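Heads up: the structure comes next, in structure tokens.
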Amino acid sequence: MSSTTPFRQIRAVYDEETITVYQAYSAAIAIPAVKHQKLCSSPDFQFQRMTWIKPSWCWMMYRSGYSYKDPNQAHILAIKMKHEDFNYLLSQASVCNGPPLKGKERDMAVRVQWDPERSYKIGALSYRSIQIGIGRKVSEIWAKEWIVSIEDVTDKAREMFKAVNEGATEAQLKERGLLPEEKVYNLSEELFQSLRMNET
């Protein structure tokens, strides 16, 4: 992305029907989730905890340390959702950046944070990437009904880590399929405003 990238913008891998988001979990949660194609297949998955999804691959690499950071984040999952469900989550979100939430905003089921986007070397960039926190009011229907597919992409993350340490360039990572081509994900004007995407 160039210096003209808007300060707040959603970039993701998506097609006509689905968008891909990422999460990192322990083996106890991730392995049954992939096997049964249901995130809540393990009793270790807790609906009472807010769970955060990220459409940015590089931000996921940063958060999980390419899967090496923490045993509880040792498996990176690529999760596909239908656009209507993803957009519904966004419509239920309050933005955490700024003063503490009050009243109606505090009662919203979903949280959004705009955090610095990351490069393929996981250094901070000048513009922001969205993180979406799914609260207990909607986490059960999300985990049980709104996930189209789940893929374990941990090996891809670790291969990327190795390639980066060996000096691979961004172009080379893309050629090897280790760095996804994320496109701008356009939203309605209503969502654009509610997510405060015009702020800097």
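We name chains A, B, ... following the order of the structure tokens; residues begin at 1 in each chain, and ligands are numbered from 1 as shown.
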Hey, what's within 12 Å of Glu16 (chain A) if we count only C-alpha atoms and toss same-chain stuff fewer than 2 positions away? As a ChimeraX atom specification, please?
/A:13-14,18-20,80-84,185
Dump as an mmCIF file, in the first residue's frame, selection limited to all heavy atoms:
data_model
loop_
_atom_site.group_PDB
_atom_site.id
_atom_site.type_symbol
_atom_site.label_atom_id
_atom_site.label_comp_id
_atom_site.auth_asym_id
_atom_site.auth_seq_id
_atom_site.Cartn_x
_atom_site.Cartn_y
_atom_site.Cartn_z
ATOM 1 N N VAL A 13 -9.003 -10.519 1.929
ATOM 2 C CA VAL A 13 -9.169 -11.493 0.848
ATOM 3 C C VAL A 13 -10.660 -11.825 0.797
ATOM 4 O O VAL A 13 -11.244 -12.215 1.813
ATOM 5 C CB VAL A 13 -8.352 -12.764 1.119
ATOM 6 C CG1 VAL A 13 -8.678 -13.843 0.091
ATOM 7 C CG2 VAL A 13 -6.862 -12.443 1.110
ATOM 8 N N TYR A 14 -11.268 -11.670 -0.356
ATOM 9 C CA TYR A 14 -12.696 -11.975 -0.472
ATOM 10 C C TYR A 14 -13.060 -12.287 -1.922
ATOM 11 O O TYR A 14 -12.317 -11.970 -2.855
ATOM 12 C CB TYR A 14 -13.551 -10.826 0.059
ATOM 13 C CG TYR A 14 -13.397 -9.502 -0.664
ATOM 14 C CD1 TYR A 14 -14.212 -9.167 -1.750
ATOM 15 C CD2 TYR A 14 -12.443 -8.568 -0.254
ATOM 16 C CE1 TYR A 14 -14.071 -7.956 -2.410
ATOM 17 C CE2 TYR A 14 -12.294 -7.351 -0.898
ATOM 18 C CZ TYR A 14 -13.109 -7.049 -1.975
ATOM 19 O OH TYR A 14 -12.968 -5.844 -2.627
ATOM 20 N N THR A 18 -17.875 -14.608 -0.029
ATOM 21 C CA THR A 18 -17.293 -14.672 1.316
ATOM 22 C C THR A 18 -16.114 -13.729 1.499
ATOM 23 O O THR A 18 -15.484 -13.299 0.537
ATOM 24 C CB THR A 18 -16.812 -16.102 1.647
ATOM 25 O OG1 THR A 18 -15.746 -16.461 0.746
ATOM 26 C CG2 THR A 18 -17.952 -17.106 1.553
ATOM 27 N N ILE A 19 -15.821 -13.461 2.757
ATOM 28 C CA ILE A 19 -14.626 -12.725 3.166
ATOM 29 C C ILE A 19 -13.849 -13.622 4.127
ATOM 30 O O ILE A 19 -14.448 -14.373 4.903
ATOM 31 C CB ILE A 19 -14.984 -11.376 3.832
ATOM 32 C CG1 ILE A 19 -13.709 -10.639 4.282
ATOM 33 C CG2 ILE A 19 -15.934 -11.567 5.011
ATOM 34 C CD1 ILE A 19 -13.962 -9.212 4.768
ATOM 35 N N THR A 20 -12.514 -13.544 4.080
ATOM 36 C CA THR A 20 -11.667 -14.333 4.973
ATOM 37 C C THR A 20 -11.170 -13.478 6.131
ATOM 38 O O THR A 20 -10.661 -12.374 5.924
ATOM 39 C CB THR A 20 -10.459 -14.906 4.212
ATOM 40 O OG1 THR A 20 -10.921 -15.769 3.171
ATOM 41 C CG2 THR A 20 -9.553 -15.701 5.144
ATOM 42 N N LYS A 80 -13.796 -18.318 6.711
ATOM 43 C CA LYS A 80 -14.604 -17.632 5.700
ATOM 44 C C LYS A 80 -16.009 -17.377 6.233
ATOM 45 O O LYS A 80 -16.629 -18.261 6.832
ATOM 46 C CB LYS A 80 -14.672 -18.449 4.407
ATOM 47 C CG LYS A 80 -13.362 -18.463 3.639
ATOM 48 C CD LYS A 80 -13.521 -19.117 2.277
ATOM 49 C CE LYS A 80 -12.214 -19.055 1.487
ATOM 50 N NZ LYS A 80 -12.359 -19.659 0.141
ATOM 51 N N MET A 81 -16.479 -16.154 5.987
ATOM 52 C CA MET A 81 -17.832 -15.741 6.374
ATOM 53 C C MET A 81 -18.538 -15.152 5.158
ATOM 54 O O MET A 81 -17.893 -14.573 4.284
ATOM 55 C CB MET A 81 -17.777 -14.650 7.444
ATOM 56 C CG MET A 81 -17.154 -15.009 8.744
ATOM 57 S SD MET A 81 -17.102 -13.540 9.826
ATOM 58 C CE MET A 81 -18.872 -13.152 9.954
ATOM 59 N N LYS A 82 -19.860 -15.273 5.128
ATOM 60 C CA LYS A 82 -20.621 -14.603 4.084
ATOM 61 C C LYS A 82 -20.589 -13.097 4.326
ATOM 62 O O LYS A 82 -20.567 -12.641 5.461
ATOM 63 C CB LYS A 82 -22.061 -15.116 4.074
ATOM 64 C CG LYS A 82 -22.199 -16.550 3.591
ATOM 65 C CD LYS A 82 -23.659 -16.974 3.543
ATOM 66 C CE LYS A 82 -23.797 -18.399 3.023
ATOM 67 N NZ LYS A 82 -25.211 -18.839 2.993
ATOM 68 N N HIS A 83 -20.656 -12.343 3.236
ATOM 69 C CA HIS A 83 -20.604 -10.886 3.350
ATOM 70 C C HIS A 83 -21.725 -10.334 4.221
ATOM 71 O O HIS A 83 -21.495 -9.418 5.022
ATOM 72 C CB HIS A 83 -20.671 -10.251 1.956
ATOM 73 C CG HIS A 83 -19.478 -10.536 1.110
ATOM 74 N ND1 HIS A 83 -18.216 -10.087 1.417
ATOM 75 C CD2 HIS A 83 -19.349 -11.247 -0.035
ATOM 76 C CE1 HIS A 83 -17.361 -10.494 0.495
ATOM 77 N NE2 HIS A 83 -18.020 -11.204 -0.392
ATOM 78 N N GLU A 84 -22.919 -10.879 4.089
ATOM 79 C CA GLU A 84 -24.039 -10.330 4.862
ATOM 80 C C GLU A 84 -23.830 -10.505 6.361
ATOM 81 O O GLU A 84 -24.207 -9.629 7.158
ATOM 82 C CB GLU A 84 -25.369 -10.952 4.426
ATOM 83 C CG GLU A 84 -25.416 -12.463 4.466
ATOM 84 C CD GLU A 84 -25.164 -13.107 3.112
ATOM 85 O OE1 GLU A 84 -24.295 -12.609 2.371
ATOM 86 O OE2 GLU A 84 -25.849 -14.101 2.796
ATOM 87 N N TYR A 185 -11.988 -3.417 0.926
ATOM 88 C CA TYR A 185 -13.329 -3.959 1.170
ATOM 89 C C TYR A 185 -14.263 -2.771 1.376
ATOM 90 O O TYR A 185 -14.211 -2.085 2.392
ATOM 91 C CB TYR A 185 -13.318 -4.859 2.398
ATOM 92 C CG TYR A 185 -14.588 -5.642 2.602
ATOM 93 C CD1 TYR A 185 -14.793 -6.852 1.945
ATOM 94 C CD2 TYR A 185 -15.588 -5.183 3.452
ATOM 95 C CE1 TYR A 185 -15.952 -7.586 2.133
ATOM 96 C CE2 TYR A 185 -16.753 -5.903 3.642
ATOM 97 C CZ TYR A 185 -16.936 -7.101 2.983
ATOM 98 O OH TYR A 185 -18.094 -7.823 3.172
#
Identify, with DSSP run on backbone atoms, the residues in region 75-143 of chain A assigned to alpha helix (DSSP H), and express the list as a ChimeraX atom specification.
/A:83-91,103-107,136-143
What are the DSSP strand (DSSP E or B) residues of region 58-155 of chain A, as a ChimeraX atom specification?
/A:75-82,93-95,110-118,124-134,147-152
Write out as a ChimeraX atom specification which residues come within 7 Å of region 103-116 of chain A when counting only C-alpha atoms, dropping same-chain ones fewer than 2 positions away.
/A:89,92-97,101,118,124-135,137-138
Write a file of the just-selected residues containing N, CA and C atoms, as a short mmCIF file (atom, residue, chain, number, x, y, z; two decimals), in the first residue's frame.
data_model
loop_
_atom_site.label_atom_id
_atom_site.label_comp_id
_atom_site.auth_asym_id
_atom_site.auth_seq_id
_atom_site.Cartn_x
_atom_site.Cartn_y
_atom_site.Cartn_z
N LEU A 89 -22.17 -8.02 11.60
CA LEU A 89 -21.30 -7.83 12.77
C LEU A 89 -20.86 -6.37 12.86
N GLN A 92 -23.30 -3.94 14.28
CA GLN A 92 -23.55 -4.07 15.72
C GLN A 92 -22.36 -3.60 16.56
N ALA A 93 -21.42 -2.90 15.93
CA ALA A 93 -20.15 -2.57 16.60
C ALA A 93 -20.11 -1.15 17.13
N SER A 94 -19.43 -1.01 18.25
CA SER A 94 -19.03 0.30 18.75
C SER A 94 -17.51 0.38 18.64
N VAL A 95 -17.01 1.56 18.33
CA VAL A 95 -15.57 1.76 18.11
C VAL A 95 -14.90 2.09 19.44
N CYS A 96 -13.88 1.31 19.78
CA CYS A 96 -13.20 1.45 21.08
C CYS A 96 -12.19 2.58 21.10
N ASN A 97 -11.68 2.98 19.95
CA ASN A 97 -10.66 4.03 19.93
C ASN A 97 -11.26 5.33 20.43
N LEU A 101 -16.42 3.84 26.46
CA LEU A 101 -17.77 3.73 25.91
C LEU A 101 -18.80 3.95 27.00
N ARG A 118 0.26 -3.67 9.77
CA ARG A 118 1.62 -4.21 9.86
C ARG A 118 2.14 -4.57 8.48
N ALA A 124 5.08 -1.64 12.33
CA ALA A 124 3.88 -0.80 12.25
C ALA A 124 3.93 0.11 11.03
N LEU A 125 2.79 0.25 10.36
CA LEU A 125 2.64 1.16 9.23
C LEU A 125 1.87 2.40 9.67
N SER A 126 1.76 3.36 8.78
CA SER A 126 1.17 4.66 9.16
C SER A 126 -0.35 4.66 9.14
N TYR A 127 -0.96 3.63 8.58
CA TYR A 127 -2.43 3.58 8.52
C TYR A 127 -2.94 2.41 9.36
N ARG A 128 -4.26 2.33 9.49
CA ARG A 128 -4.87 1.42 10.45
C ARG A 128 -5.53 0.21 9.80
N SER A 129 -5.65 -0.83 10.63
CA SER A 129 -6.31 -2.08 10.24
C SER A 129 -7.39 -2.37 11.28
N ILE A 130 -8.47 -2.98 10.84
CA ILE A 130 -9.59 -3.23 11.73
C ILE A 130 -9.45 -4.56 12.47
N GLN A 131 -9.80 -4.53 13.76
CA GLN A 131 -9.94 -5.74 14.57
C GLN A 131 -11.37 -5.75 15.08
N ILE A 132 -12.03 -6.89 15.00
CA ILE A 132 -13.45 -6.98 15.33
C ILE A 132 -13.65 -7.94 16.48
N GLY A 133 -14.13 -7.44 17.59
CA GLY A 133 -14.36 -8.25 18.78
C GLY A 133 -15.81 -8.69 18.86
N ILE A 134 -16.03 -10.00 18.86
CA ILE A 134 -17.38 -10.56 18.87
C ILE A 134 -17.74 -10.93 20.30
N GLY A 135 -18.71 -10.23 20.86
CA GLY A 135 -19.11 -10.43 22.24
C GLY A 135 -20.07 -11.60 22.41
N LYS A 137 -23.10 -11.84 23.19
CA LYS A 137 -24.47 -11.73 22.68
C LYS A 137 -24.62 -12.34 21.29
N VAL A 138 -23.54 -12.35 20.52
CA VAL A 138 -23.62 -12.87 19.15
C VAL A 138 -22.61 -13.98 18.87
#
List as a PDB file with all heavy atoms, in the first residue's frame the protein and nucleic acid residues near Asp155 (chain A), meaning an atom at most 9 Å away when only C-alpha atoms are counted, but skip any in the same chain fewer than 3 places from it.
ATOM      1  N   HIS A  75      -2.005 -22.055  16.525  1.00  0.00           N
ATOM      2  CA  HIS A  75      -2.664 -22.470  15.287  1.00  0.00           C
ATOM      3  C   HIS A  75      -3.433 -21.287  14.716  1.00  0.00           C
ATOM      4  O   HIS A  75      -4.327 -20.745  15.366  1.00  0.00           O
ATOM      5  CB  HIS A  75      -3.632 -23.634  15.534  1.00  0.00           C
ATOM      6  CG  HIS A  75      -2.936 -24.936  15.762  1.00  0.00           C
ATOM      7  ND1 HIS A  75      -2.848 -25.915  14.797  1.00  0.00           N
ATOM      8  CD2 HIS A  75      -2.273 -25.410  16.847  1.00  0.00           C
ATOM      9  CE1 HIS A  75      -2.176 -26.948  15.274  1.00  0.00           C
ATOM     10  NE2 HIS A  75      -1.809 -26.666  16.520  1.00  0.00           N
ATOM     11  N   ILE A  76      -3.083 -20.908  13.507  1.00  0.00           N
ATOM     12  CA  ILE A  76      -3.755 -19.786  12.850  1.00  0.00           C
ATOM     13  C   ILE A  76      -4.813 -20.335  11.900  1.00  0.00           C
ATOM     14  O   ILE A  76      -4.519 -21.180  11.044  1.00  0.00           O
ATOM     15  CB  ILE A  76      -2.746 -18.907  12.097  1.00  0.00           C
ATOM     16  CG1 ILE A  76      -1.762 -18.307  13.105  1.00  0.00           C
ATOM     17  CG2 ILE A  76      -3.460 -17.801  11.324  1.00  0.00           C
ATOM     18  CD1 ILE A  76      -0.618 -17.575  12.491  1.00  0.00           C
ATOM     19  N   ASP A 152      -6.697 -24.436   8.566  1.00  0.00           N
ATOM     20  CA  ASP A 152      -5.500 -24.189   9.364  1.00  0.00           C
ATOM     21  C   ASP A 152      -4.386 -23.724   8.424  1.00  0.00           C
ATOM     22  O   ASP A 152      -3.971 -24.467   7.531  1.00  0.00           O
ATOM     23  CB  ASP A 152      -5.075 -25.460  10.109  1.00  0.00           C
ATOM     24  CG  ASP A 152      -4.002 -25.190  11.160  1.00  0.00           C
ATOM     25  OD1 ASP A 152      -3.099 -24.378  10.896  1.00  0.00           O
ATOM     26  OD2 ASP A 152      -4.069 -25.800  12.243  1.00  0.00           O
ATOM     27  N   ARG A 158       4.362 -20.053   9.199  1.00  0.00           N
ATOM     28  CA  ARG A 158       5.720 -20.424   9.598  1.00  0.00           C
ATOM     29  C   ARG A 158       6.688 -20.403   8.411  1.00  0.00           C
ATOM     30  O   ARG A 158       7.856 -20.040   8.554  1.00  0.00           O
ATOM     31  CB  ARG A 158       5.701 -21.783  10.291  1.00  0.00           C
ATOM     32  CG  ARG A 158       4.942 -21.711  11.610  1.00  0.00           C
ATOM     33  CD  ARG A 158       4.979 -22.981  12.418  1.00  0.00           C
ATOM     34  NE  ARG A 158       4.360 -22.748  13.725  1.00  0.00           N
ATOM     35  CZ  ARG A 158       4.389 -23.608  14.732  1.00  0.00           C
ATOM     36  NH1 ARG A 158       5.011 -24.771  14.599  1.00  0.00           N
ATOM     37  NH2 ARG A 158       3.799 -23.308  15.887  1.00  0.00           N
ATOM     38  N   GLU A 159       6.173 -20.783   7.254  1.00  0.00           N
ATOM     39  CA  GLU A 159       7.001 -20.706   6.046  1.00  0.00           C
ATOM     40  C   GLU A 159       7.299 -19.240   5.716  1.00  0.00           C
ATOM     41  O   GLU A 159       8.404 -18.904   5.281  1.00  0.00           O
ATOM     42  CB  GLU A 159       6.289 -21.388   4.880  1.00  0.00           C
ATOM     43  CG  GLU A 159       7.172 -21.564   3.663  1.00  0.00           C
ATOM     44  CD  GLU A 159       6.499 -22.336   2.537  1.00  0.00           C
ATOM     45  OE1 GLU A 159       5.460 -22.983   2.783  1.00  0.00           O
ATOM     46  OE2 GLU A 159       7.022 -22.283   1.400  1.00  0.00           O
ATOM     47  N   MET A 160       6.305 -18.369   5.940  1.00  0.00           N
ATOM     48  CA  MET A 160       6.522 -16.938   5.717  1.00  0.00           C
ATOM     49  C   MET A 160       7.579 -16.404   6.678  1.00  0.00           C
ATOM     50  O   MET A 160       8.464 -15.634   6.273  1.00  0.00           O
ATOM     51  CB  MET A 160       5.209 -16.179   5.899  1.00  0.00           C
ATOM     52  CG  MET A 160       5.336 -14.674   5.718  1.00  0.00           C
ATOM     53  SD  MET A 160       3.741 -13.850   5.830  1.00  0.00           S
ATOM     54  CE  MET A 160       4.244 -12.127   5.834  1.00  0.00           C
TER      55      MET A 160
END
Region 58-64 of chain A environment, 8 Å, only C-alpha atoms, sequence neighbours closer than 6 positions dropped, as a ChimeraX atom specification:
/A:22-24,70,73-74,117-120,122,129,157
Test item: residues at most 12 Å from Lys174 (chain A), only C-alpha atoms, excluding those fewer than 6 positions along its chain, as an NGL selection string
:A and (120 or 156 or 160 or 163-164 or 168 or 180-182)
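Pairwise distance (CA of Arg11 (chain A), CA of Ala33 (chain A)) equals 25.2 Å.
Checking A:Thr154, A:Thr5, A:Ser149, A:Asn186 one by one against Val21 (chain A), counting only C-alpha atoms, you find the shortest gap at A:Ser149.
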Find the residue from A:Leu39, A:Ala143, A:Lys183, A:Asn72 that sits nearest to Ala12 (chain A); use only C-alpha atoms when measuring.
A:Lys183
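Between Ile10 (chain A) and the candidates A:Ala28, A:Leu179, A:Leu187, A:Val34, the tightest atom-to-atom separation, counting only C-alpha atoms, involves A:Leu187.
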